[in-house]
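Q: Enclosed is the structure file final38.tsv (TSV, C-alpha atoms).
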```
chain	number	residue	atom	x	y	z
R	1059	ALA	CA	11.78	-2.82	20.12
R	1060	GLN	CA	8.11	-3.58	20.15
R	1061	SER	CA	6.61	-7.01	19.73
R	1062	VAL	CA	3.44	-8.95	20.28
R	1063	THR	CA	3.21	-12.52	21.48
R	1064	GLN	CA	0.04	-14.55	21.28
R	1065	LEU	CA	0.73	-17.39	23.62
R	1066	ASP	CA	-1.53	-19.99	22.03
R	1067	SER	CA	-1.67	-20.86	18.35
R	1068	HIS	CA	-4.91	-22.79	18.90
R	1069	VAL	CA	-7.57	-22.59	21.60
R	1070	SER	CA	-10.43	-25.06	21.72
R	1071	VAL	CA	-13.49	-24.52	23.93
R	1072	SER	CA	-16.97	-25.94	24.12
R	1073	GLU	CA	-19.93	-23.85	23.08
R	1074	GLY	CA	-21.27	-21.91	26.04
R	1075	THR	CA	-18.01	-21.93	28.00
R	1076	PRO	CA	-15.68	-18.96	28.54
R	1077	VAL	CA	-13.05	-17.92	26.03
R	1078	LEU	CA	-9.58	-16.65	26.91
R	1079	LEU	CA	-7.10	-15.66	24.21
R	1080	ARG	CA	-3.80	-14.48	25.60
R	1081	CYS	CA	-1.64	-11.65	24.34
R	1082	ASN	CA	1.51	-10.08	25.71
R	1083	TYR	CA	3.27	-7.09	24.25
R	1084	SER	CA	6.58	-5.35	24.52
R	1085	SER	CA	6.82	-1.62	23.97
R	1086	SER	CA	9.03	1.26	25.04
R	1087	TYR	CA	6.15	3.69	24.79
R	1088	SER	CA	2.53	3.64	25.79
R	1089	PRO	CA	0.94	1.44	23.17
R	1090	SER	CA	-2.40	1.33	21.49
R	1091	LEU	CA	-3.66	-2.22	21.38
R	1092	PHE	CA	-6.19	-3.91	19.14
R	1093	TRP	CA	-7.85	-7.25	18.65
R	1094	TYR	CA	-8.95	-8.21	15.16
R	1095	VAL	CA	-10.93	-11.25	14.06
R	1096	GLN	CA	-10.72	-12.94	10.69
R	1097	HIS	CA	-13.25	-15.54	9.66
R	1098	PRO	CA	-12.20	-18.09	7.02
R	1099	ASN	CA	-11.58	-16.47	3.65
R	1100	LYS	CA	-12.81	-13.13	4.97
R	1101	GLY	CA	-11.33	-9.73	5.74
R	1102	LEU	CA	-10.32	-8.36	9.10
R	1103	GLN	CA	-12.83	-7.02	11.58
R	1104	LEU	CA	-11.90	-4.83	14.52
R	1105	LEU	CA	-13.18	-6.35	17.76
R	1106	LEU	CA	-11.96	-3.72	20.17
R	1107	LYS	CA	-9.17	-1.27	20.89
R	1108	TYR	CA	-7.33	0.21	23.84
R	1109	THR	CA	-6.03	3.75	23.47
R	1110	SER	CA	-5.00	4.88	26.97
R	1111	ALA	CA	-8.50	5.42	28.30
R	1112	ALA	CA	-10.30	2.80	30.39
R	1113	THR	CA	-8.21	-0.31	30.91
R	1114	LEU	CA	-11.20	-2.62	30.50
R	1115	VAL	CA	-12.36	-2.38	26.94
R	1116	LYS	CA	-15.62	-3.76	25.66
R	1117	GLY	CA	-15.93	-4.72	22.03
R	1118	ILE	CA	-18.39	-6.23	19.65
R	1119	ASN	CA	-20.04	-9.65	19.94
R	1120	GLY	CA	-19.60	-9.79	23.71
R	1121	PHE	CA	-15.80	-9.70	23.70
R	1122	GLU	CA	-13.76	-7.63	26.08
R	1123	ALA	CA	-10.10	-7.17	26.93
R	1124	GLU	CA	-8.20	-5.75	29.86
R	1125	PHE	CA	-5.01	-3.75	29.53
R	1126	LYS	CA	-2.62	-4.63	32.36
R	1127	LYS	CA	0.50	-2.53	32.19
R	1128	SER	CA	2.25	-4.32	35.05
R	1129	GLU	CA	1.85	-7.63	33.22
R	1130	THR	CA	2.22	-6.15	29.69
R	1131	SER	CA	-0.86	-8.12	28.74
R	1132	PHE	CA	-4.03	-7.53	26.77
R	1133	HIS	CA	-5.96	-10.78	26.98
R	1134	LEU	CA	-9.24	-11.20	25.13
R	1135	THR	CA	-12.19	-12.81	26.89
R	1136	LYS	CA	-15.80	-13.72	26.32
R	1137	PRO	CA	-18.09	-15.25	28.95
R	1138	SER	CA	-19.84	-17.70	26.67
R	1139	ALA	CA	-18.59	-18.96	23.31
R	1140	HIS	CA	-20.83	-19.28	20.27
R	1141	MET	CA	-20.21	-21.44	17.24
R	1142	SER	CA	-19.98	-18.26	15.17
R	1143	ASP	CA	-16.91	-17.20	17.17
R	1144	ALA	CA	-14.78	-19.81	15.43
R	1145	ALA	CA	-12.15	-17.77	13.61
R	1146	GLU	CA	-8.57	-16.50	13.71
R	1147	TYR	CA	-7.86	-13.74	16.23
R	1148	PHE	CA	-4.97	-11.30	16.00
R	1149	CYS	CA	-3.57	-9.12	18.76
R	1150	VAL	CA	-1.98	-5.97	17.37
R	1151	VAL	CA	0.04	-3.12	18.86
R	1152	SER	CA	0.64	0.34	17.47
R	1153	VAL	CA	3.43	2.44	18.91
R	1154	MET	CA	4.62	5.95	18.32
R	1155	ASP	CA	8.27	5.04	17.87
R	1156	SER	CA	7.43	2.92	14.83
R	1157	ASN	CA	5.47	5.71	13.17
R	1158	TYR	CA	2.32	4.00	14.32
R	1159	GLN	CA	2.92	0.92	12.21
R	1160	LEU	CA	0.95	-2.07	13.37
R	1161	ILE	CA	2.86	-4.93	14.89
R	1162	TRP	CA	0.92	-8.18	14.49
R	1163	GLY	CA	0.78	-11.22	16.67
R	1164	ALA	CA	0.98	-14.61	14.99
R	1165	GLY	CA	-2.71	-15.24	15.55
R	1166	THR	CA	-4.76	-17.66	17.62
R	1167	LYS	CA	-7.22	-20.00	16.00
R	1168	LEU	CA	-10.33	-20.35	18.12
R	1169	ILE	CA	-12.13	-23.66	17.74
R	1170	ILE	CA	-15.61	-24.09	19.17
R	1171	LYS	CA	-16.76	-27.59	19.99
R	1172	PRO	CA	-20.50	-28.28	19.90
P	861	GLY	CA	-17.64	5.63	8.49
P	862	ALA	CA	-14.03	4.74	7.67
P	863	VAL	CA	-14.79	2.22	4.95
P	864	VAL	CA	-12.06	0.85	2.73
P	865	SER	CA	-12.79	-1.14	-0.41
P	866	GLN	CA	-10.60	-3.34	-2.55
P	867	HIS	CA	-11.08	-4.44	-6.10
P	868	PRO	CA	-11.08	-7.12	-7.28
P	869	SER	CA	-11.92	-9.44	-4.41
P	870	ARG	CA	-10.56	-12.41	-6.34
P	871	VAL	CA	-8.37	-12.66	-9.41
P	872	ILE	CA	-6.82	-15.52	-11.29
P	873	CYS	CA	-4.07	-14.75	-13.75
P	874	LYS	CA	-1.54	-16.63	-15.81
P	875	SER	CA	2.11	-16.75	-14.94
P	876	GLY	CA	4.01	-13.84	-16.46
P	877	THR	CA	1.11	-11.42	-16.59
P	878	SER	CA	0.56	-8.39	-14.37
P	879	VAL	CA	-2.31	-7.75	-12.02
P	880	LYS	CA	-3.49	-4.49	-10.52
P	881	ILE	CA	-5.31	-4.29	-7.19
P	882	GLU	CA	-7.12	-1.13	-6.14
P	883	CYS	CA	-7.62	0.12	-2.61
P	884	ARG	CA	-10.04	2.97	-1.98
P	885	SER	CA	-11.02	4.90	1.11
P	886	LEU	CA	-14.70	5.57	0.53
P	887	ASP	CA	-15.61	8.17	3.12
P	888	PHE	CA	-12.37	9.69	4.32
P	889	GLN	CA	-9.08	10.96	3.00
P	890	ALA	CA	-6.14	8.65	3.55
P	891	THR	CA	-2.72	10.25	3.53
P	892	THR	CA	-1.14	6.90	4.27
P	893	MET	CA	-2.07	3.48	2.97
P	894	PHE	CA	-0.50	0.15	3.77
P	895	TRP	CA	-0.24	-3.04	1.78
P	896	TYR	CA	-0.07	-6.39	3.53
P	897	ARG	CA	0.33	-9.93	2.36
P	898	GLN	CA	-1.10	-12.89	4.21
P	899	PHE	CA	0.06	-16.43	3.60
P	900	PRO	CA	-2.28	-19.32	4.42
P	901	LYS	CA	-2.75	-19.79	8.15
P	902	LYS	CA	-0.31	-16.98	8.86
P	903	SER	CA	-0.41	-13.46	10.20
P	904	LEU	CA	-0.22	-10.32	8.11
P	905	MET	CA	3.11	-9.24	6.69
P	906	LEU	CA	3.56	-5.55	5.94
P	907	MET	CA	4.84	-5.11	2.41
P	908	ALA	CA	4.96	-1.35	2.04
P	909	THR	CA	3.73	1.98	3.28
P	910	SER	CA	2.59	4.56	0.77
P	911	ASN	CA	2.05	8.23	1.37
P	912	GLU	CA	-0.03	10.24	-1.06
P	913	GLY	CA	2.11	11.90	-3.69
P	914	SER	CA	5.38	10.25	-2.75
P	915	LYS	CA	7.19	6.98	-3.31
P	916	ALA	CA	6.25	3.99	-1.25
P	917	THR	CA	8.50	2.70	1.49
P	918	TYR	CA	9.05	-1.03	1.12
P	919	GLU	CA	9.80	-3.44	3.91
P	920	GLN	CA	12.99	-5.43	3.83
P	921	GLY	CA	12.80	-8.32	1.43
P	922	VAL	CA	9.93	-6.93	-0.66
P	923	GLU	CA	10.88	-6.32	-4.29
P	924	LYS	CA	9.79	-2.82	-5.24
P	925	ASP	CA	10.12	-3.53	-8.96
P	926	LYS	CA	7.82	-6.51	-8.64
P	927	PHE	CA	5.21	-4.94	-6.39
P	928	LEU	CA	4.55	-1.49	-7.80
P	929	ILE	CA	2.60	0.83	-5.54
P	930	ASN	CA	0.99	4.05	-6.60
P	931	HIS	CA	-0.81	6.43	-4.25
P	932	ALA	CA	-1.86	9.19	-6.61
P	933	SER	CA	-4.76	10.56	-4.63
P	934	LEU	CA	-6.00	10.77	-1.08
P	935	THR	CA	-8.55	8.05	-1.71
P	936	LEU	CA	-6.82	5.59	-4.00
P	937	SER	CA	-3.75	3.39	-3.85
P	938	THR	CA	-2.92	0.62	-6.28
P	939	LEU	CA	-0.69	-2.42	-6.04
P	940	THR	CA	0.50	-3.95	-9.30
P	941	VAL	CA	2.05	-7.39	-9.18
P	942	THR	CA	4.27	-7.48	-12.25
P	943	SER	CA	5.23	-10.66	-14.07
P	944	ALA	CA	3.31	-12.71	-11.56
P	945	HIS	CA	4.45	-16.22	-10.67
P	946	PRO	CA	2.67	-18.95	-8.72
P	947	GLU	CA	4.63	-18.04	-5.57
P	948	ASP	CA	2.95	-14.63	-5.67
P	949	SER	CA	-0.39	-16.31	-5.02
P	950	SER	CA	-1.61	-14.94	-1.73
P	951	PHE	CA	-4.19	-12.83	0.06
P	952	TYR	CA	-3.38	-9.14	-0.28
P	953	ILE	CA	-4.91	-6.68	2.16
P	954	CYS	CA	-4.73	-2.91	2.15
P	955	SER	CA	-5.41	-0.51	4.97
P	956	ALA	CA	-5.74	3.23	5.21
P	957	ARG	CA	-4.97	5.79	7.84
P	958	GLY	CA	-6.82	9.08	8.06
P	959	THR	CA	-5.49	12.60	7.99
P	960	GLY	CA	-6.27	13.48	11.56
P	961	GLY	CA	-7.56	12.16	14.83
P	962	LEU	CA	-6.80	8.49	15.08
P	963	ILE	CA	-3.30	8.37	13.59
P	964	TYR	CA	-2.67	5.06	15.32
P	965	GLU	CA	-5.66	3.31	13.78
P	966	GLN	CA	-5.85	1.68	10.37
P	967	TYR	CA	-8.98	0.71	8.49
P	968	PHE	CA	-8.74	-2.47	6.48
P	969	GLY	CA	-10.07	-3.47	3.12
P	970	PRO	CA	-11.71	-6.87	2.64
P	971	GLY	CA	-8.68	-8.29	0.84
P	972	THR	CA	-7.91	-9.63	-2.63
P	973	ARG	CA	-7.24	-13.29	-3.26
P	974	LEU	CA	-4.66	-13.63	-6.04
P	975	THR	CA	-4.10	-16.98	-7.70
P	976	VAL	CA	-1.39	-17.28	-10.32
P	977	THR	CA	-1.60	-20.36	-12.52
```
Would you put the structure from the file into structure tokens?

A:
Amino acid sequence: AQSVTQLDSHVSVSEGTPVLLRCNYSSSYSPSLFWYVQHPNKGLQLLLKYTSAATLVKGINGFEAEFKKSETSFHLTKPSAHMSDAAEYFCVVSVMDSNYQLIWGAGTKLIIKP
Amino acid sequence: GAVVSQHPSRVICKSGTSVKIECRSLDFQATTMFWYRQFPKKSLMLMATSNEGSKATYEQGVEKDKFLINHASLTLSTLTVTSAHPEDSSFYICSARGTGGLIYEQYFGPGTRLTVT
């Protein structure tokens, strides 16, 4: 069975410092992986996606993620946090054996300290 | 491209009444649409999957008679919350999947905030 685990429910960083949001997945097949961001009382925005091409994926707003099959991880990073990055982040996996349904992580709330 | 809209964005209704939420794919045809529910400070919960022209498939624990889903065309799906109660208050999000190409990718609407008083 497939699953997604976001290892931290909350991450707090100072503005200008690096961001690391961790995500591990479990899948019997080669997965497609996504990171979505949701700002308070807003809809979902796709940050980036991995679909079996380059393992280092660059997304919007300076975010990137690296697919590591050996570690079954897809951690999200950003070199320098901005106040506007404060939001909820979801790691999501889509797998063929579930008819491409999306399996959602529990979310990580990113807090940016001034 | 791949824009999905939802209407209304917010709705307040009285207990016992029904509310209809529309989900439209604006620039592509969506053979499959999904309806999610999001509780405060929680992740998304898939409620049902609807394929154009056929009955929706509901996830375990979701009452199909309470949450009526219609997917009558390739660009429109509706969710009707019947006899709404305060516990139905939530953020409802739809997504759509296209007819070709990126079958693994869903495009999300902006969500509808339902408050039942």

Q: Could you check how far CA of Gly876 (chain P) sits from CA of Val941 (chain P), in Å to one decimal?

A: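 One can read the CA of Gly876 (chain P) to CA of Val941 (chain P) distance as 9.9 Å.
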
Q: Out of P:His931, P:Glu965, P:Asp948, P:Arg973, which residue has the shortest atom-to-atom distance to Thr891 (chain P) when counting only C-alpha atoms?

A: P:His931

Q: Go ahead and compute the interatomic distance for CA of Phe1132 (chain R) and CA of Ile1161 (chain R), in Å to one decimal.

A: 14.0 Å

Q: Got a sec: who's within 7 Å of region 883-885 of chain P, counting all atoms listed in the file, leaving out chain neighbours fewer than 6 positions off, as a PDB file with C-alpha atoms, in the frame of the given file?

A:
```
ATOM      1  CA  VAL P 863     -14.790   2.220   4.950  1.00  0.00           C
ATOM      2  CA  VAL P 864     -12.060   0.850   2.730  1.00  0.00           C
ATOM      3  CA  SER P 865     -12.790  -1.140  -0.410  1.00  0.00           C
ATOM      4  CA  GLN P 866     -10.600  -3.340  -2.550  1.00  0.00           C
ATOM      5  CA  HIS P 867     -11.080  -4.440  -6.100  1.00  0.00           C
ATOM      6  CA  THR P 935      -8.550   8.050  -1.710  1.00  0.00           C
ATOM      7  CA  LEU P 936      -6.820   5.590  -4.000  1.00  0.00           C
ATOM      8  CA  SER P 937      -3.750   3.390  -3.850  1.00  0.00           C
ATOM      9  CA  THR P 938      -2.920   0.620  -6.280  1.00  0.00           C
ATOM     10  CA  CYS P 954      -4.730  -2.910   2.150  1.00  0.00           C
ATOM     11  CA  ALA P 956      -5.740   3.230   5.210  1.00  0.00           C
TER      12      ALA P 956
END
```

Q: Select all residues from chain R having any atom no more than 8 Å from an atom of chain P (counting only C-alpha atoms, ignoring ligands), output as a PyMOL selection string.

A: chain R and resi 1090+1100-1103+1148+1152-1154+1158-1159+1162-1165

Q: Between CA of Tyr918 (chain P) and CA of Phe888 (chain P), what is the spacing in Å?

A: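 Taking CA of Phe888 (chain P) and CA of Tyr918 (chain P), their separation equals 24.2 Å.
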
Q: Considering all atoms listed in the file, return as a list in words whatever protein or nucleic-acid residues lie within 7 Å of His1133 (chain R), sequence-local ones (same chain, fewer than 6 positions apart) excluded.

A: Leu1078, Leu1079, Arg1080, Cys1081, Ala1123 and Glu1124 of chain R

Q: Distance cut-off 10 Å, centre (-2.2, 3.9, -5.4) in file coordinates, counting all atoms listed in the file: which residues qualify? Return them as a list in words.

A: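 Applying the cut-off with all atoms listed in the file, one gets Lys880, Ile881, Glu882, Cys883, Arg884, Met893, Ser910, Asn911, Glu912, Gly913, Ala916, Leu928, Ile929, Asn930, His931, Ala932, Ser933, Leu934, Thr935, Leu936, Ser937, Thr938, Leu939 and Thr940 of chain P.
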
Q: Which polymer residues, whether protein, DNA or RNA, lie within 12 Å of the coordinate (-17.1, -6.3, 24.4) when you count all atoms listed in the file? List them as a ChimeraX atom specification, using the chain letters and numbers from the file.

A: /R:1093,1104-1108,1114-1124,1134-1138
